[in-house]
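Structure first, then comments.
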Amino acid sequence: MNPQIAMLVIGRLGVALVTLLIVSAVVFAATEMLPGDIVEILLGQAATPEAVAGLREAMHLDEPSVLRYWRWIIGLLSGDLGTSYANDLPIAEMIGDRLTNTLRLAAVTGGVAVPLALTLGITTAMFRGSTYDRVVTTCVVSVISVPEFMIATLAVLVFAVWLNWLPALSFSSGTPGWGEMLRIFAMPVITLCCVITAQMIRMTRAAVIETLRMPYIEMALLKGASRWRIVMRHALPNAIGPIVNAVALSLSYLLGGVIIVETIFNYPGVAKLMVDAVATRDLPLIQSCAMVFCIGYLVLITLADILAIVSNPRLRK
Amino acid sequence: MANLVEIRDLKVRAQSDSGRLIEIIRGVSFEAAEGEVVALIGESGSGKSTIALTLMGHTRAGCEIIGGQVRLAGRDLVAMSEAERRRLRGTDVAYVPQSAAAAFNPAQRLIDQVVEVSRIHGLMPRQAARARAVELFRALALPEPETIGERYPHQVSGGQLQRLAAAMALIGAPRLMIFDEPTTALDVTTQIEVLRAFKQVMKQGGMAGLYVSHDLAVVAQVADRIVVLKDGAVQETGTTDDIINRPQHPYTKELIAAFRPVSHATVASPAAAAEAPILEVRNLVAGYGRPGPDGMPRVRALDDVSCRLERGRNLGVIGESGSGKSTLARAIAGLLPPVSGEVLLGGQALAPDVARRAKEDLRRMQICFQLADTALNPLRSVSDIIGRPLTFFHGQRGRAREARVEELLEMVRLPRAMKHRLPLELSGGQKQRVNLARALAANPEIVLCDEITSALDTVVAAAILELLDELQRELDLSYVFISHDLSTVQAICDEVMVMYGGRTVETLQASALPEGATQDYSRLLFASVPQLDTGWLDGLPERLPGT
C-alpha cells in the first residue's frame, strides 16, 4: 500500500475516534437531561428525604456530572459498562446476549438484502427506461412510502394469521435448528429487506447511471464492448464509492433502527432492550446501548470510506 | 476504386431539452475512398461529430437517424442490427476522441484499455496484443513504450494520452479511423508532435481517415479533401488545396477570412506615453497550497513577474496551459492575493486581497472570464446581471438603471429586448457580450480579459475582437488580454508578454511578431502555430528551435 493511502486511512480512523468521543459526550448529556429521577423511582413515593440522599450518594449521583462522565468513559475503556440500576445485573452481560441476537438478524438480513439490492440496482441502470426498470423503480418507491410497522403488521396478518405458515413471534429459547431458524427469521428479514433494499437500489442505480454518462463509457461502446462488459468492467469499478456508502448506511440501520420490527415480532434484540431501559430510567443501560449503536454506525461508515479511498485509482501506484 | 465510405442523404433528428424535435443533420452526402483522409470542418453545432459517430453506427442519447444511408465497405450501418454494428466497432472502424483524458477509464491500467478491442473481438492472444500495443506506442513516439502501459491515465500527460488513444484505435487494424477533434485540447507545441505521429501511422497503415475539426489550419496538414458543414448541411466539398486557396462558398470564404491574422493599430495618443503607466506589476509571486517555512506557497504559479500597461494600449499575455497566465490575471485582480510583489493602479499600490481594495479601485479594473456559461448566474436575467454592478458602483436604481442597461447592451451590439432573457437563452457569442457588458457597467479603465474568445467559434471570436477594438476607441479602455492563441493576441495587442512555467520569457512589440522573438521558447511557441498552408507541417524541421 502506498504511503498516501496509509495516511488517508489513518486520518479517517482518527476522525472516527474523535467522533466517537464527541458522541459519548452527547449521549451522556442527553441521558442526563432525561426527565424523572432514578432514585425516587427506585425507592417509591414513600421514601424519606434521608433515604433518597443516602442512595444518591451510594450511586455517586451527587457528584458533578463531569466527574461522572469521566468515571463512565474510563469504565468503557476498560471494558466495564457498569451495572444496571433496575436489576443490578452487569450491563455487559445484558447487552451481550441481545447483541448476538441483533447481529444475527442483521447478518441474515444483510446477506439477503445486499446482493438483491445490488443486482436490482445494476440491472435497472443497465436497462434504464425499459419496462423492467419502470416496474422495479415503481415497486421501490411504493415500498419506501409504506411505513415498516405497516409492512410488519401485514406480514403477520398474511403469513401467521391467515396462512398460518410462520410463527407470529420470533422468539425461541436455546439453539434452534436450521428449519426453525428459517421460520423464525423469515418475517423480520422480509420486513427489514423491504426497508433497506429500497434505498440501496436507488443509490446503486443512480451511481451506475451517473458513471454510464462518462465519456469513457461511450469509448468502450465504440470499441465494440457489450452492454454487460461496459457495466461490469467500466462503470461499476468507478461507482464503488457511492455504492459502498449507501450499503453501509442501510446496514447501520439494522443495529439501532429495528425497534419497530423487534417489538412487533417480539425479537430479543438490543433496540428493544434500550426502549425497555428508557421505561425504567436505567441510565447506564441506555448509555451503553446508545454507544453500541454509534460504534456500529461508525464502524460501517468508516469501512465504507476506507473502501472508497482504496478503490480510488488516482491513489494507486 | 470503390469508395470505402459512402454517406447518402443522411438525416439525424434530435430531441431538445424542451422535448422539441429538431433535424440536426439535414441530408448530408459525401464519400471517402480507400486510404483517403477526409476532413469534416464546421463550427460547434454544425453536426460534424454526430456524422462521424454515425459511421460507428452510434448516435448519442436523444439523437436518431431518420433517413439516408451510411455505407462502410458496401454495408449500410443504418440498416444493421446492434450486434452486427458492435462487431464492426474497433475492427473495421475505430474512433479517436476529442478528450482522451475523459475517454480513458480512470480505474484501469492503460495497457488493459488499449488491448481491450482485441479481447472483445478475440483478435489475438493476450501476449500478442500486448506486444502489438508496445509496437504501436513506439510508432507513435511515446516515451518508455515498454512500460508506459502499466500506468494509470492520470499518470501521463495530455499529449501522451491522445497518442495512447490513437494506439487504442489502431490495435484492431481498422480500415477507417475517425479522429474527433483529437488535438483541440492540446497546447500548440504538443499538437505538432501528435499530428506528426498520427500522419505517420496513417500513411504506414494505408488507412482511410475521417478527421473532424473546427481548425482549418490543422485540417490543412492532414486531409486530402475537406467537407465544409454548417447547420447540419454540406456547404462545400473540395480538395484541401481548393478549399483553402480557392474557396467558392461564401461561408467557406468567411471561415478562411476569420483565420487570416489581423494586425492591431494603436489608438493611444502619443502624449499618453509620458504619463505613469495605468497598470504596473512589480515582481509578483503567487501560488497555490499552504505556504511552506519560507513563506512561499507549495506550488508557485507566478515567479517574479513584472509588466506594465500604458493608458490606451493593450498588453497580451501568451503561454501554454500551466504557464501562469490566468494566475497572473487572478493575482492582479486580487482574487488570488500575491505572496509578494506589488500591483500599481495609476501609480498607486493596491491591496493584495480584493476584499481589502477600495470600491473605486475595484471599479477602475474589471475582469472578464473565459467561460461566460459559468460566469453568468443562470437564474438571473440579462438586465439583472448587468444592472447589479450599476447599483453597486454607481448607486443606480429603477428607470435610470434600466436605461443604462439598454445603453450597455447597445454598446456590445446586442438588441435591447435581450435584457429580459436568461443566459440559457443566449448563444455563446451573445453570452460573452453580456459578460463584457457587465464589466463595462462599472466604467472601468482596465479590463482583464482571460481567454474570452477561446471557447468561441472562429467567426464569433473575430467579431468579439472587433467589438473590443471599437469599445477601446469609444471608451478609452486598456486591456490585459490573456490567451493561448497567438493570432488572437496579435489582433488586439500592442505588446505581448510570453510566459512559461510561471515566469516571463520576454516581452515583444506585437508588430514585431513572430520574427522578433529572441528567446528559444518564444520561437518554438510561435513556430508551432499551424499555418493555413497544406505543406506547413511537412515543411517544418524535424526539431523545432528550443526543443
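Convention: chains lettered A, B, ... in C-alpha cells order; per-chain residue numbering from 1; ligands numbered from 1 as shown.
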Chain A residues near chain B within 10 Å, closest pair each, using only C-alpha atoms, as a tab-separated table:
```
residue	atom	partner	partner_atom	distance
A:Arg213	CA	B:Ala61	CA	9.7
A:Met214	CA	B:Ala102	CA	7.5
A:Pro215	CA	B:Ala103	CA	5.1
A:Tyr216	CA	B:Ala103	CA	4.0
A:Ile217	CA	B:Ala103	CA	7.6
A:Glu218	CA	B:Ala103	CA	7.8
A:Met219	CA	B:Ala103	CA	5.9
A:Ala220	CA	B:Ala103	CA	8.5
A:Leu221	CA	B:Arg86	CA	8.0
A:Leu222	CA	B:Arg89	CA	5.7
A:Lys223	CA	B:Gly90	CA	4.6
A:Gly224	CA	B:Arg86	CA	4.6
A:Ala225	CA	B:Ile120	CA	6.2
A:Ser226	CA	B:Arg86	CA	7.6
A:Arg229	CA	B:Ile120	CA	9.0
A:Arg233	CA	B:Gln108	CA	8.9
A:His234	CA	B:Asn105	CA	6.6
A:Ala235	CA	B:Asn105	CA	8.7
A:Leu236	CA	B:Ala107	CA	9.9
A:Pro237	CA	B:Ala107	CA	6.7
A:Asn238	CA	B:Ala107	CA	6.5
A:Ser311	CA	B:Ala107	CA	8.2
A:Asn312	CA	B:Ala107	CA	7.3
A:Pro313	CA	B:Ala107	CA	5.0
A:Arg314	CA	B:His154	CA	6.7
A:Leu315	CA	B:His154	CA	9.9
A:Arg316	CA	B:Tyr152	CA	8.2
A:Lys317	CA	B:Arg151	CA	7.8
```
Long-range neighbours of Arg98 (chain A) as a list in words, 7 Å cut-off, only C-alpha atoms, 6 positions minimum in chain: Pro268, Gly269 and Val270 of chain A
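For the pair CA of Pro444 (chain B) and CA of Gln366 (chain B), the separation is 6.2 Å.
Residue nearest Ala439 (chain B), chosen from B:Gly346, B:Gly387, B:Gly395, B:Pro337 and counting only C-alpha atoms: B:Gly387.
Put simply, CA of Ile301 (chain A) is 24.4 Å away from CA of Ala92 (chain A).
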Test item: residues at most 9 Å from Ala2 (chain B), only C-alpha atoms, excluding those fewer than 6 positions along its chain, as a VMD selection string: chain B and resid 33 to 34 73 to 74
Backbone-only DSSP, alpha helix (DSSP H) members of region 164-296 of chain A, as a ChimeraX atom specification: /A:178-212,215-222,227-229,236-256,259-264,270-279,283-296
